[in-house]
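Below is model.cif, holding mmCIF, C-alpha atoms.
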```cif
data_work
loop_
_atom_site.label_atom_id
_atom_site.label_comp_id
_atom_site.auth_asym_id
_atom_site.auth_seq_id
_atom_site.Cartn_x
_atom_site.Cartn_y
_atom_site.Cartn_z
CA MET M 1 -27.41 -10.52 -53.68
CA ALA M 2 -26.24 -7.19 -55.02
CA ILE M 3 -22.97 -6.92 -56.95
CA VAL M 4 -20.24 -4.37 -56.31
CA ASN M 5 -17.33 -4.87 -58.70
CA ARG M 6 -14.16 -3.08 -57.58
CA THR M 7 -12.91 -3.21 -61.15
CA PRO M 8 -12.56 -0.78 -64.06
CA ASP M 9 -13.42 -3.45 -66.64
CA SER M 10 -16.58 -5.30 -65.54
CA PHE M 11 -18.45 -6.67 -68.57
CA PHE M 12 -21.42 -4.51 -67.53
CA SER M 13 -20.39 -0.86 -67.60
CA GLY M 14 -23.03 0.00 -65.01
CA ASN M 15 -21.10 -1.89 -62.33
CA ARG M 16 -17.56 -0.59 -62.55
CA HIS M 17 -16.62 0.77 -59.16
CA ASP M 18 -12.86 0.92 -59.02
CA ASP M 19 -13.25 4.34 -57.43
CA LEU M 20 -13.71 3.88 -53.66
CA GLU M 21 -16.40 6.52 -53.23
CA SER M 22 -18.34 5.09 -56.16
CA ALA M 23 -18.18 1.63 -54.57
CA LYS M 24 -19.38 2.95 -51.22
CA ALA M 25 -22.32 4.72 -52.86
CA ALA M 26 -23.19 1.60 -54.86
CA LEU M 27 -23.30 -0.57 -51.75
CA ALA M 28 -25.39 1.92 -49.79
CA ARG M 29 -27.81 2.24 -52.69
CA ALA M 30 -28.09 -1.54 -53.07
CA VAL M 31 -29.03 -1.94 -49.41
CA GLU M 32 -31.55 0.89 -49.71
CA LEU M 33 -33.17 -0.86 -52.69
CA GLY M 34 -33.58 -4.18 -50.90
CA ALA M 35 -30.36 -6.20 -51.10
CA ASP M 36 -29.91 -8.77 -48.33
CA LEU M 37 -26.39 -9.73 -49.41
CA VAL M 38 -23.66 -7.84 -51.23
CA ASP M 39 -21.06 -9.69 -53.31
CA VAL M 40 -17.77 -7.82 -53.70
CA GLY M 41 -15.25 -8.77 -56.38
CA GLY M 42 -11.91 -7.38 -57.49
CA VAL M 43 -11.23 -9.28 -60.73
CA ARG M 44 -13.24 -9.53 -63.93
CA ALA M 45 -14.47 -13.10 -64.35
CA GLY M 46 -13.78 -13.55 -68.07
CA GLN M 47 -10.50 -13.65 -69.97
CA GLU M 48 -10.90 -10.10 -71.23
CA GLY M 49 -9.52 -7.27 -69.11
CA GLU M 50 -6.32 -6.66 -67.23
CA VAL M 51 -4.26 -9.20 -65.30
CA VAL M 52 -4.83 -8.82 -61.54
CA ASP M 53 -2.52 -10.55 -59.07
CA ALA M 54 -3.50 -11.54 -55.53
CA ASP M 55 -1.93 -8.46 -53.93
CA GLU M 56 -3.87 -6.10 -56.19
CA GLU M 57 -7.08 -8.06 -55.69
CA THR M 58 -6.62 -7.84 -51.92
CA ARG M 59 -6.00 -4.10 -52.14
CA ARG M 60 -9.21 -3.63 -54.10
CA VAL M 61 -11.56 -5.64 -51.92
CA VAL M 62 -10.37 -6.02 -48.32
CA PRO M 63 -10.30 -2.36 -47.18
CA PHE M 64 -13.67 -1.85 -48.84
CA LEU M 65 -15.13 -4.86 -47.07
CA GLN M 66 -13.76 -3.56 -43.76
CA TRP M 67 -15.56 -0.28 -44.35
CA ALA M 68 -18.75 -2.11 -45.36
CA ARG M 69 -18.68 -4.28 -42.24
CA ALA M 70 -18.53 -1.18 -40.04
CA ALA M 71 -21.05 0.82 -42.03
CA PHE M 72 -23.62 -1.98 -42.54
CA PRO M 73 -23.18 -4.50 -39.72
CA ASP M 74 -26.42 -6.36 -40.55
CA VAL M 75 -25.75 -6.91 -44.26
CA ILE M 76 -24.37 -10.28 -45.35
CA LEU M 77 -21.05 -9.59 -47.06
CA SER M 78 -19.75 -11.96 -49.71
CA LEU M 79 -16.28 -12.06 -51.23
CA ASP M 80 -16.11 -13.11 -54.89
CA THR M 81 -12.68 -14.73 -55.27
CA TRP M 82 -11.01 -17.98 -56.26
CA ARG M 83 -7.85 -17.24 -54.23
CA SER M 84 -7.35 -18.54 -50.70
CA GLU M 85 -4.82 -15.83 -49.83
CA VAL M 86 -7.37 -13.10 -50.58
CA ALA M 87 -10.05 -14.80 -48.50
CA ARG M 88 -7.62 -15.19 -45.61
CA GLU M 89 -7.03 -11.44 -45.56
CA ALA M 90 -10.81 -10.89 -45.28
CA GLU M 91 -11.14 -12.77 -42.00
CA GLY M 92 -13.56 -11.09 -39.63
CA VAL M 93 -15.33 -9.03 -42.30
CA VAL M 94 -16.93 -11.53 -44.69
CA ASP M 95 -19.82 -13.90 -44.10
CA LEU M 96 -19.56 -15.80 -47.37
CA VAL M 97 -16.83 -16.80 -49.84
CA ASN M 98 -18.19 -16.98 -53.38
CA ASP M 99 -15.79 -19.33 -55.14
CA THR M 100 -16.84 -18.80 -58.74
CA TRP M 101 -14.14 -21.10 -60.13
CA ALA M 102 -15.20 -24.40 -58.62
CA GLY M 103 -12.41 -25.10 -56.16
CA HIS M 104 -9.51 -24.28 -58.49
CA ASP M 105 -7.61 -23.26 -55.35
CA ARG M 106 -7.99 -26.37 -53.19
CA ASP M 107 -7.21 -24.40 -50.03
CA LEU M 108 -10.05 -21.90 -50.46
CA VAL M 109 -12.79 -24.02 -48.90
CA HIS M 110 -10.54 -24.72 -45.90
CA VAL M 111 -9.84 -21.01 -45.47
CA ALA M 112 -13.56 -20.27 -45.64
CA SER M 113 -14.14 -22.81 -42.88
CA ALA M 114 -11.27 -21.44 -40.77
CA ILE M 115 -12.53 -17.85 -40.93
CA GLY M 116 -16.11 -18.88 -40.18
CA ALA M 117 -17.52 -17.97 -43.59
CA GLY M 118 -20.12 -19.77 -45.67
CA TYR M 119 -19.10 -21.09 -49.06
CA VAL M 120 -20.54 -21.11 -52.59
CA ILE M 121 -20.01 -24.24 -54.68
CA SER M 122 -19.89 -23.50 -58.41
CA HIS M 123 -19.69 -25.41 -61.69
CA THR M 124 -17.29 -24.38 -64.45
CA GLY M 125 -16.89 -27.58 -66.44
CA GLY M 126 -13.31 -27.90 -65.22
CA LEU M 127 -12.08 -24.64 -66.74
CA PRO M 128 -9.40 -22.66 -64.87
CA PRO M 129 -10.09 -19.09 -63.73
CA ARG M 130 -10.74 -16.39 -66.31
CA THR M 131 -11.17 -18.68 -69.29
CA ASP M 132 -14.14 -18.67 -71.63
CA PRO M 133 -15.62 -21.91 -73.02
CA VAL M 134 -14.50 -23.04 -76.48
CA ASP M 135 -15.83 -26.21 -78.14
CA VAL M 136 -17.11 -27.37 -74.73
CA THR M 137 -19.28 -30.50 -74.68
CA TYR M 138 -20.84 -32.66 -72.00
CA GLY M 139 -22.15 -35.44 -74.23
CA ALA M 140 -24.68 -36.11 -76.97
CA ASP M 141 -27.71 -35.98 -74.66
CA PRO M 142 -28.79 -32.36 -73.91
CA LEU M 143 -29.35 -33.42 -70.29
CA ASP M 144 -25.71 -34.47 -69.86
CA VAL M 145 -24.79 -30.93 -68.83
CA VAL M 146 -27.51 -31.00 -66.15
CA ARG M 147 -26.21 -34.29 -64.82
CA ASP M 148 -22.65 -32.91 -64.72
CA VAL M 149 -23.80 -29.78 -62.88
CA VAL M 150 -25.78 -31.74 -60.28
CA ARG M 151 -22.96 -34.24 -59.70
CA THR M 152 -20.27 -31.56 -59.43
CA LEU M 153 -22.30 -29.42 -57.03
CA ALA M 154 -23.15 -32.40 -54.84
CA ASP M 155 -19.49 -33.47 -54.67
CA GLY M 156 -18.36 -29.92 -53.90
CA ALA M 157 -20.96 -29.47 -51.17
CA HIS M 158 -19.96 -32.72 -49.50
CA GLU M 159 -16.29 -31.67 -49.67
CA ALA M 160 -17.16 -28.34 -48.04
CA GLU M 161 -18.94 -30.17 -45.22
CA ARG M 162 -15.89 -32.38 -44.72
CA ALA M 163 -13.77 -29.21 -44.58
CA GLY M 164 -15.91 -27.99 -41.68
CA VAL M 165 -18.31 -25.57 -43.36
CA PRO M 166 -21.75 -26.05 -41.74
CA ARG M 167 -24.30 -27.48 -44.15
CA GLU M 168 -26.65 -24.52 -43.66
CA ARG M 169 -23.90 -22.15 -44.80
CA ILE M 170 -23.22 -23.92 -48.09
CA LEU M 171 -24.80 -22.55 -51.29
CA VAL M 172 -24.73 -24.23 -54.70
CA ASP M 173 -24.55 -22.23 -57.92
CA PRO M 174 -25.09 -23.84 -61.36
CA THR M 175 -22.92 -20.97 -62.66
CA LEU M 176 -24.56 -20.28 -66.01
CA ASP M 177 -22.19 -19.15 -68.81
CA PHE M 178 -19.10 -20.50 -67.02
CA GLY M 179 -17.89 -23.53 -68.97
CA LYS M 180 -21.16 -23.55 -70.89
CA THR M 181 -22.62 -22.53 -74.19
CA THR M 182 -25.90 -20.64 -74.22
CA ALA M 183 -27.72 -23.90 -75.02
CA HIS M 184 -26.11 -25.48 -71.94
CA SER M 185 -27.06 -22.57 -69.70
CA LEU M 186 -30.66 -22.58 -70.87
CA GLU M 187 -30.92 -26.34 -70.29
CA VAL M 188 -29.53 -26.00 -66.78
CA LEU M 189 -31.88 -23.10 -66.03
CA ARG M 190 -34.87 -25.20 -67.13
CA HIS M 191 -33.73 -27.85 -64.65
CA THR M 192 -33.14 -25.59 -61.65
CA ALA M 193 -35.42 -27.91 -59.67
CA ASP M 194 -32.86 -30.70 -60.07
CA VAL M 195 -30.28 -28.49 -58.35
CA VAL M 196 -32.79 -27.51 -55.67
CA ALA M 197 -33.30 -31.23 -54.97
CA LEU M 198 -29.74 -31.35 -53.57
CA ASN M 199 -31.24 -29.61 -50.50
CA TYR M 200 -28.78 -26.75 -50.31
CA PRO M 201 -29.76 -23.12 -50.93
CA VAL M 202 -29.44 -22.45 -54.66
CA LEU M 203 -27.75 -19.28 -55.89
CA GLN M 204 -28.50 -18.23 -59.46
CA ALA M 205 -26.10 -15.68 -60.94
CA MET M 206 -27.75 -14.75 -64.23
CA SER M 207 -27.84 -10.97 -64.32
CA ARG M 208 -27.12 -9.59 -67.82
CA LYS M 209 -25.03 -12.64 -68.72
CA ASP M 210 -24.16 -13.75 -72.23
CA PHE M 211 -26.78 -16.50 -72.34
CA VAL M 212 -29.40 -13.78 -71.93
CA GLY M 213 -27.70 -11.67 -74.58
CA GLU M 214 -27.46 -14.52 -77.08
CA ALA M 215 -31.05 -15.60 -76.43
CA LEU M 216 -32.28 -12.12 -77.31
CA ASP M 217 -29.35 -10.81 -79.41
CA LEU M 218 -28.77 -7.89 -77.05
CA PRO M 219 -25.71 -6.23 -75.48
CA ALA M 220 -25.19 -6.25 -71.70
CA GLU M 221 -26.75 -2.81 -71.30
CA GLU M 222 -30.07 -4.08 -72.75
CA ARG M 223 -30.43 -7.41 -70.95
CA LEU M 224 -32.51 -6.36 -67.93
CA GLU M 225 -35.84 -7.80 -69.06
CA GLY M 226 -34.26 -11.08 -70.12
CA SER M 227 -32.46 -11.33 -66.79
CA LEU M 228 -35.71 -10.73 -64.92
CA ALA M 229 -37.51 -13.40 -66.95
CA ALA M 230 -34.77 -15.90 -66.10
CA THR M 231 -34.98 -14.83 -62.45
CA ALA M 232 -38.73 -15.46 -62.35
CA VAL M 233 -38.31 -18.95 -63.81
CA ALA M 234 -35.51 -19.88 -61.41
CA ALA M 235 -37.42 -18.48 -58.42
CA TRP M 236 -40.54 -20.44 -59.34
CA LEU M 237 -38.40 -23.60 -59.56
CA GLY M 238 -37.00 -23.04 -56.08
CA ALA M 239 -33.80 -20.98 -56.28
CA THR M 240 -33.55 -18.65 -53.30
CA VAL M 241 -30.55 -16.33 -53.83
CA PHE M 242 -30.14 -14.12 -56.90
CA ARG M 243 -26.92 -12.33 -57.76
CA ALA M 244 -28.08 -9.18 -59.54
CA HIS M 245 -26.88 -5.88 -60.90
CA ASP M 246 -30.41 -4.42 -60.81
CA VAL M 247 -31.45 -4.73 -57.19
CA ARG M 248 -34.85 -3.05 -57.05
CA ALA M 249 -36.23 -4.76 -60.17
CA THR M 250 -34.91 -8.14 -59.10
CA ARG M 251 -36.23 -7.71 -55.56
CA ARG M 252 -39.71 -6.99 -56.92
CA VAL M 253 -39.64 -9.99 -59.26
CA VAL M 254 -38.50 -12.34 -56.50
CA ASP M 255 -41.10 -10.99 -54.06
CA MET M 256 -43.87 -11.36 -56.65
CA VAL M 257 -42.90 -14.93 -57.49
CA ALA M 258 -42.74 -15.78 -53.78
CA THR M 259 -46.22 -14.35 -53.31
CA ILE M 260 -47.60 -16.32 -56.27
CA ARG M 261 -46.02 -19.48 -54.85
CA GLY M 262 -47.61 -18.76 -51.48
CA ASP M 263 -44.28 -18.30 -49.70
CA ARG M 264 -44.82 -14.60 -49.00
CA PRO M 265 -48.08 -12.86 -47.98
CA GLN M 266 -49.55 -10.11 -50.09
CA GLN M 267 -48.81 -6.74 -48.56
CA VAL M 268 -52.24 -5.10 -48.96
CA ALA M 269 -55.78 -6.59 -49.08
CA LEU M 270 -58.25 -3.98 -50.37
CA ARG M 271 -59.56 -5.25 -53.71
CA GLY M 272 -63.08 -6.66 -53.38
CA VAL M 273 -63.38 -5.70 -49.73
CA ARG M 274 -66.45 -3.69 -48.78
CA PRO M 275 -65.48 -0.24 -47.45
CA ALA M 276 -66.16 0.21 -43.77
CA GLU M 277 -69.41 2.01 -42.98
CA PRO M 278 -68.85 5.56 -41.69
CA ARG M 279 -69.44 5.80 -37.96
CA GLU M 280 -71.81 8.33 -36.37
CA PRO M 281 -69.92 11.08 -34.56
CA SER M 282 -69.82 10.56 -30.79
CA MET M 283 -71.99 12.97 -28.76
CA GLY M 284 -70.31 12.19 -25.47
CA ALA M 285 -71.69 10.37 -22.42
CA PRO M 286 -75.52 10.40 -21.87
CA PRO M 287 -76.87 12.58 -19.05
CA ASN M 288 -77.58 11.00 -15.66
CA GLY M 289 -80.85 9.00 -15.60
CA ALA M 290 -81.03 8.68 -19.40
#
```

Spell out the structure here as C-alpha cells.
Amino acid sequence: MAIVNRTPDSFFSGNRHDDLESAKAALARAVELGADLVDVGGVRAGQEGEVVDADEETRRVVPFLQWARAAFPDVILSLDTWRSEVAREAEGVVDLVNDTWAGHDRDLVHVASAIGAGYVISHTGGLPPRTDPVDVTYGADPLDVVRDVVRTLADGAHEAERAGVPRERILVDPTLDFGKTTAHSLEVLRHTADVVALNYPVLQAMSRKDFVGEALDLPAEERLEGSLAATAVAAWLGATVFRAHDVRATRRVVDMVATIRGDRPQQVALRGVRPAEPREPSMGAPPNGA
C-alpha cells in the first residue's frame, strides 16, 4: 500500500504532495514500482501542522482520487480519513476507507458500507483525531496493550460486519504509534500473530514512524532500514498489507519473506542446475534410402 499525502506538512518530507502534478507523478511511480494499493490522505495524522476542515480535506483528495480512478482503473484506491462526509464525497472512486482514528466518527463505517468500500479497523487507545499520546498506559503487564489492541480490533471488525461491510473487505490495523509509546508499539509488533489470529487481513502501517526512530535514534529521513526490518518481522508473522513510503524496497522485502515462508515461488532456478548440453547442428533430412 503506497502512500500519497496531499498535504504540505507530512511528517516525512519525501511524501508531501500538495501540488497536484506532484501527487499524480507519485501515484504513477508507486504503481510502476509495485504498489497494489494506494492510500490517499489530505490531513496530517499528528497534532502538528495546520488545521484542515472537511471542505478543505475533500478538495485535496476527491478530485485527485477521481483522476486516479480513471488513470489506473485496476489499482485499489484507499481514502485515509476519519470523516464520514469526506468518504461520502468519494463514492464511486474508492475501494477502501482507511479509518485511522478508530471509529471516532460513528457514521464512517456506515458510509463505507453504503458506497461499497472496504474498511480498515484501527486502534488508537481511545484518543481523538490528531492527538499524540501523553502518559498513556494500558496496565502493569506489558501484554496489556496487546490484549487491548486485539479486543478493540475484534469489536470494530464485528461492528463493521453488522454495518454491512463484507467480512472479506475488512482489514485490521494495530496502528503502531497511535495512542502508544514506542515500548507499546514494539510489544504489539512482536505479537502480530495474535492480530492475525482474528482471521481478518492485517494491515501494518509502520513506515518511518516514531517507534522506528526512537528504537534507532534516527529522524524520519533515515528510518528506511528500520522500517524494512519491522516489515520483515510483521510479514513473517502473517501480516499481508504494508502501508509504505518506500514502495520498491518494501515490495522486495515482502516478496522475499513470502518466498522464505513458501507462499511465493522463487522466480529463477539456475543455481546448482547442470547446464544443458549443446546440441549438434541439424544437417537436414537424410537422403532417400539412407

Self-check item: Selection near segment 147-164 of chain M, 6 Å with all atoms listed in the file, sequence-local residues under 3 positions removed, as a PyMOL selection string
Solution: chain M and resi 110+113+121+144+195

Can I get the residues of segment 119-205 of chain M within 9 Å of segment 86-105 of chain M, each with the closest pair of atoms and their distance in Å to one decimal, using only C-alpha atoms, sorted chain first then ascending number, as CSV?
```
residue,atom,partner,partner_atom,distance
M:Tyr119,CA,M:Val97,CA,4.9
M:Val120,CA,M:Asn98,CA,4.8
M:Ile121,CA,M:Ala102,CA,6.2
M:Ser122,CA,M:Ala102,CA,4.8
M:His123,CA,M:Ala102,CA,5.5
M:Thr124,CA,M:Ala102,CA,6.2
M:Gly125,CA,M:Ala102,CA,8.6
M:Gly126,CA,M:Ala102,CA,7.7
M:Leu127,CA,M:Trp101,CA,7.8
M:Pro128,CA,M:His104,CA,6.6
M:Pro129,CA,M:Trp101,CA,5.8
M:Arg130,CA,M:Trp101,CA,8.5
M:Thr152,CA,M:Ala102,CA,8.8
M:Leu153,CA,M:Ala102,CA,8.8
M:Gly156,CA,M:Ala102,CA,7.9
M:Arg169,CA,M:Leu96,CA,8.1
M:Ile170,CA,M:Leu96,CA,8.9
M:Leu171,CA,M:Asn98,CA,8.9
M:Asp173,CA,M:Thr100,CA,8.5
M:Thr175,CA,M:Thr100,CA,7.6
M:Phe178,CA,M:Trp101,CA,8.5
```

Quiz item: Could you state the separation of atom CA of Pro219 of chain M and atom CA of Arg16 of chain M in Å, given to one decimal place?
Solution: 16.3 Å

Exercise. Please measure the separation of atom CA of Ala234 of chain M and atom CA of Gly262 of chain M, giving the value in Å to one decimal.
Key: 15.7 Å

Quiz item: What is the distance between atom CA of Val172 of chain M and atom CA of Trp82 of chain M, in Å to one decimal?
Solution: 15.2 Å

Practice problem: Go through the shown structure with the PyMOL selection byres ((chain M and resi 60-62) around 7) and write out the matching residues as a PyMOL selection string. | Solution: chain M and resi 6+40-42+56-59+63-66+89-90

Exercise. Fewer than 6 positions away in the same chain doesn't count, so skip those; otherwise give me all residues within 10 Å of Glu48 of chain M, counting all atoms listed in the file, as a VMD selection string.
Key: chain M and resid 9 to 11 130 to 132

Practice problem: For segment 188-194 of chain M, list every protein, DNA or RNA residue within 7 Å, evaluated using all atoms listed in the file, and leave out those in the same chain fewer than 3 positions away; present the list as an MDAnalysis selection string. | Solution: chainID M and resid 146 184:185 197 234 237:238

May I have the residues from that selection written out with C-alpha atoms, as a compact mmCIF listing (two decimals), in the frame of the given file?
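After the write, out-v7.txt holds the following:
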```
# COMPACT_ATOMS: atom_id res chain seq x y z
CA VAL M 146 -27.51 -31.00 -66.15
CA HIS M 184 -26.11 -25.48 -71.94
CA SER M 185 -27.06 -22.57 -69.70
CA ALA M 197 -33.30 -31.23 -54.97
CA ALA M 234 -35.51 -19.88 -61.41
CA LEU M 237 -38.40 -23.60 -59.56
CA GLY M 238 -37.00 -23.04 -56.08
```

Quiz prompt | Shell of 8 Å around His245 of chain M, only C-alpha atoms, local chain residues under 5 positions omitted, as a list in words | solution = Ala2, Ile3, Asn15, Ser207 and Arg208 of chain M

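Once Glu32 of chain M and its same-chain neighbours fewer than 6 positions away are set aside, Ala2, Ala25, Ala26, Val38, Phe72, Val75, Val247, Arg248 and Arg251 of chain M remain within 12 Å of it when counting all atoms listed in the file.
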
Give me a file of those residues, with C-alpha atoms, as a compact mmCIF listing (two decimals), keeping the file's coordinate frame.
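Final output, saved to selection14.txt:
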```
# COMPACT_ATOMS: atom_id res chain seq x y z
CA ALA M 2 -26.24 -7.19 -55.02
CA ALA M 25 -22.32 4.72 -52.86
CA ALA M 26 -23.19 1.60 -54.86
CA VAL M 38 -23.66 -7.84 -51.23
CA PHE M 72 -23.62 -1.98 -42.54
CA VAL M 75 -25.75 -6.91 -44.26
CA VAL M 247 -31.45 -4.73 -57.19
CA ARG M 248 -34.85 -3.05 -57.05
CA ARG M 251 -36.23 -7.71 -55.56
```

Quiz item: From the list M:Gly179, M:Pro174, M:Gly49, M:Pro166, which residue is nearest Ala117 of chain M when using all atoms listed in the file?
Solution: M:Pro166

Quiz item: Applied to the shown file, which residues does the PyMOL selection byres ((chain M and resi 137) around 10) return, written as a VMD selection string?
Solution: chain M and resid 125 133 to 136 138 to 140 142 144 to 145 179 to 181 184

Practice problem: Have a look at M:Arg243, M:Arg167, M:Arg83, M:Arg69 and name the one nearest to Val4 of chain M; count all atoms listed in the file. | Solution: M:Arg243

Save segment 121-138 of chain M from what I just supplied, as an mmCIF file, in the first residue's frame, atoms limited to N, CA, C and O atoms.
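Writing the result to selection19.cif gives the following:
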```cif
data_model
loop_
_atom_site.group_PDB
_atom_site.id
_atom_site.type_symbol
_atom_site.label_atom_id
_atom_site.label_comp_id
_atom_site.auth_asym_id
_atom_site.auth_seq_id
_atom_site.Cartn_x
_atom_site.Cartn_y
_atom_site.Cartn_z
ATOM 1 N N ILE M 121 -10.122 -1.212 10.252
ATOM 2 C CA ILE M 121 -10.329 -1.021 11.683
ATOM 3 C C ILE M 121 -8.977 -0.683 12.308
ATOM 4 O O ILE M 121 -7.982 -1.367 12.070
ATOM 5 N N SER M 122 -8.923 0.360 13.103
ATOM 6 C CA SER M 122 -7.661 0.764 13.721
ATOM 7 C C SER M 122 -7.786 0.793 15.235
ATOM 8 O O SER M 122 -8.871 0.632 15.798
ATOM 9 N N HIS M 123 -6.648 1.008 15.893
ATOM 10 C CA HIS M 123 -6.586 1.074 17.353
ATOM 11 C C HIS M 123 -5.802 2.313 17.751
ATOM 12 O O HIS M 123 -4.642 2.469 17.377
ATOM 13 N N THR M 124 -6.432 3.199 18.498
ATOM 14 C CA THR M 124 -5.774 4.446 18.898
ATOM 15 C C THR M 124 -5.795 4.651 20.410
ATOM 16 O O THR M 124 -5.456 5.741 20.883
ATOM 17 N N GLY M 125 -6.200 3.647 21.155
ATOM 18 C CA GLY M 125 -6.252 3.796 22.606
ATOM 19 C C GLY M 125 -7.292 4.784 23.072
ATOM 20 O O GLY M 125 -7.206 5.309 24.185
ATOM 21 N N GLY M 126 -8.277 5.072 22.231
ATOM 22 C CA GLY M 126 -9.349 5.988 22.595
ATOM 23 C C GLY M 126 -9.053 7.454 22.348
ATOM 24 O O GLY M 126 -9.884 8.311 22.660
ATOM 25 N N LEU M 127 -7.906 7.769 21.776
ATOM 26 C CA LEU M 127 -7.576 9.172 21.528
ATOM 27 C C LEU M 127 -8.380 9.728 20.358
ATOM 28 O O LEU M 127 -8.646 9.025 19.393
ATOM 29 N N PRO M 128 -8.777 11.002 20.416
ATOM 30 C CA PRO M 128 -9.460 11.632 19.292
ATOM 31 C C PRO M 128 -8.472 11.966 18.186
ATOM 32 O O PRO M 128 -7.249 11.921 18.390
ATOM 33 N N PRO M 129 -8.977 12.288 16.987
ATOM 34 C CA PRO M 129 -8.088 12.555 15.855
ATOM 35 C C PRO M 129 -7.057 13.643 16.138
ATOM 36 O O PRO M 129 -7.316 14.610 16.854
ATOM 37 N N ARG M 130 -5.861 13.405 15.572
ATOM 38 C CA ARG M 130 -4.760 14.351 15.586
ATOM 39 C C ARG M 130 -4.294 14.696 16.999
ATOM 40 O O ARG M 130 -3.970 15.845 17.298
ATOM 41 N N THR M 131 -4.250 13.695 17.850
ATOM 42 C CA THR M 131 -3.675 13.877 19.180
ATOM 43 C C THR M 131 -2.567 12.853 19.374
ATOM 44 O O THR M 131 -2.686 11.710 18.948
ATOM 45 N N ASP M 132 -1.496 13.265 19.998
ATOM 46 C CA ASP M 132 -0.376 12.382 20.275
ATOM 47 C C ASP M 132 -0.482 11.851 21.698
ATOM 48 O O ASP M 132 -1.007 12.524 22.589
ATOM 49 N N PRO M 133 0.012 10.622 21.954
ATOM 50 C CA PRO M 133 -0.122 10.036 23.285
ATOM 51 C C PRO M 133 0.734 10.743 24.325
ATOM 52 O O PRO M 133 1.889 11.081 24.070
ATOM 53 N N VAL M 134 0.159 10.960 25.495
ATOM 54 C CA VAL M 134 0.879 11.535 26.633
ATOM 55 C C VAL M 134 0.487 10.745 27.879
ATOM 56 O O VAL M 134 -0.704 10.612 28.191
ATOM 57 N N ASP M 135 1.492 10.197 28.567
ATOM 58 C CA ASP M 135 1.250 9.425 29.798
ATOM 59 C C ASP M 135 0.241 8.300 29.580
ATOM 60 O O ASP M 135 -0.558 7.982 30.466
ATOM 61 N N VAL M 136 0.256 7.690 28.386
ATOM 62 C CA VAL M 136 -0.707 6.632 28.086
ATOM 63 C C VAL M 136 -0.259 5.330 28.740
ATOM 64 O O VAL M 136 0.928 5.021 28.807
ATOM 65 N N THR M 137 -1.223 4.593 29.288
ATOM 66 C CA THR M 137 -0.913 3.303 29.907
ATOM 67 C C THR M 137 -2.046 2.330 29.622
ATOM 68 O O THR M 137 -3.206 2.730 29.466
ATOM 69 N N TYR M 138 -1.706 1.065 29.552
ATOM 70 C CA TYR M 138 -2.710 0.019 29.356
ATOM 71 C C TYR M 138 -2.721 -0.971 30.511
ATOM 72 O O TYR M 138 -3.486 -1.929 30.495
#
```
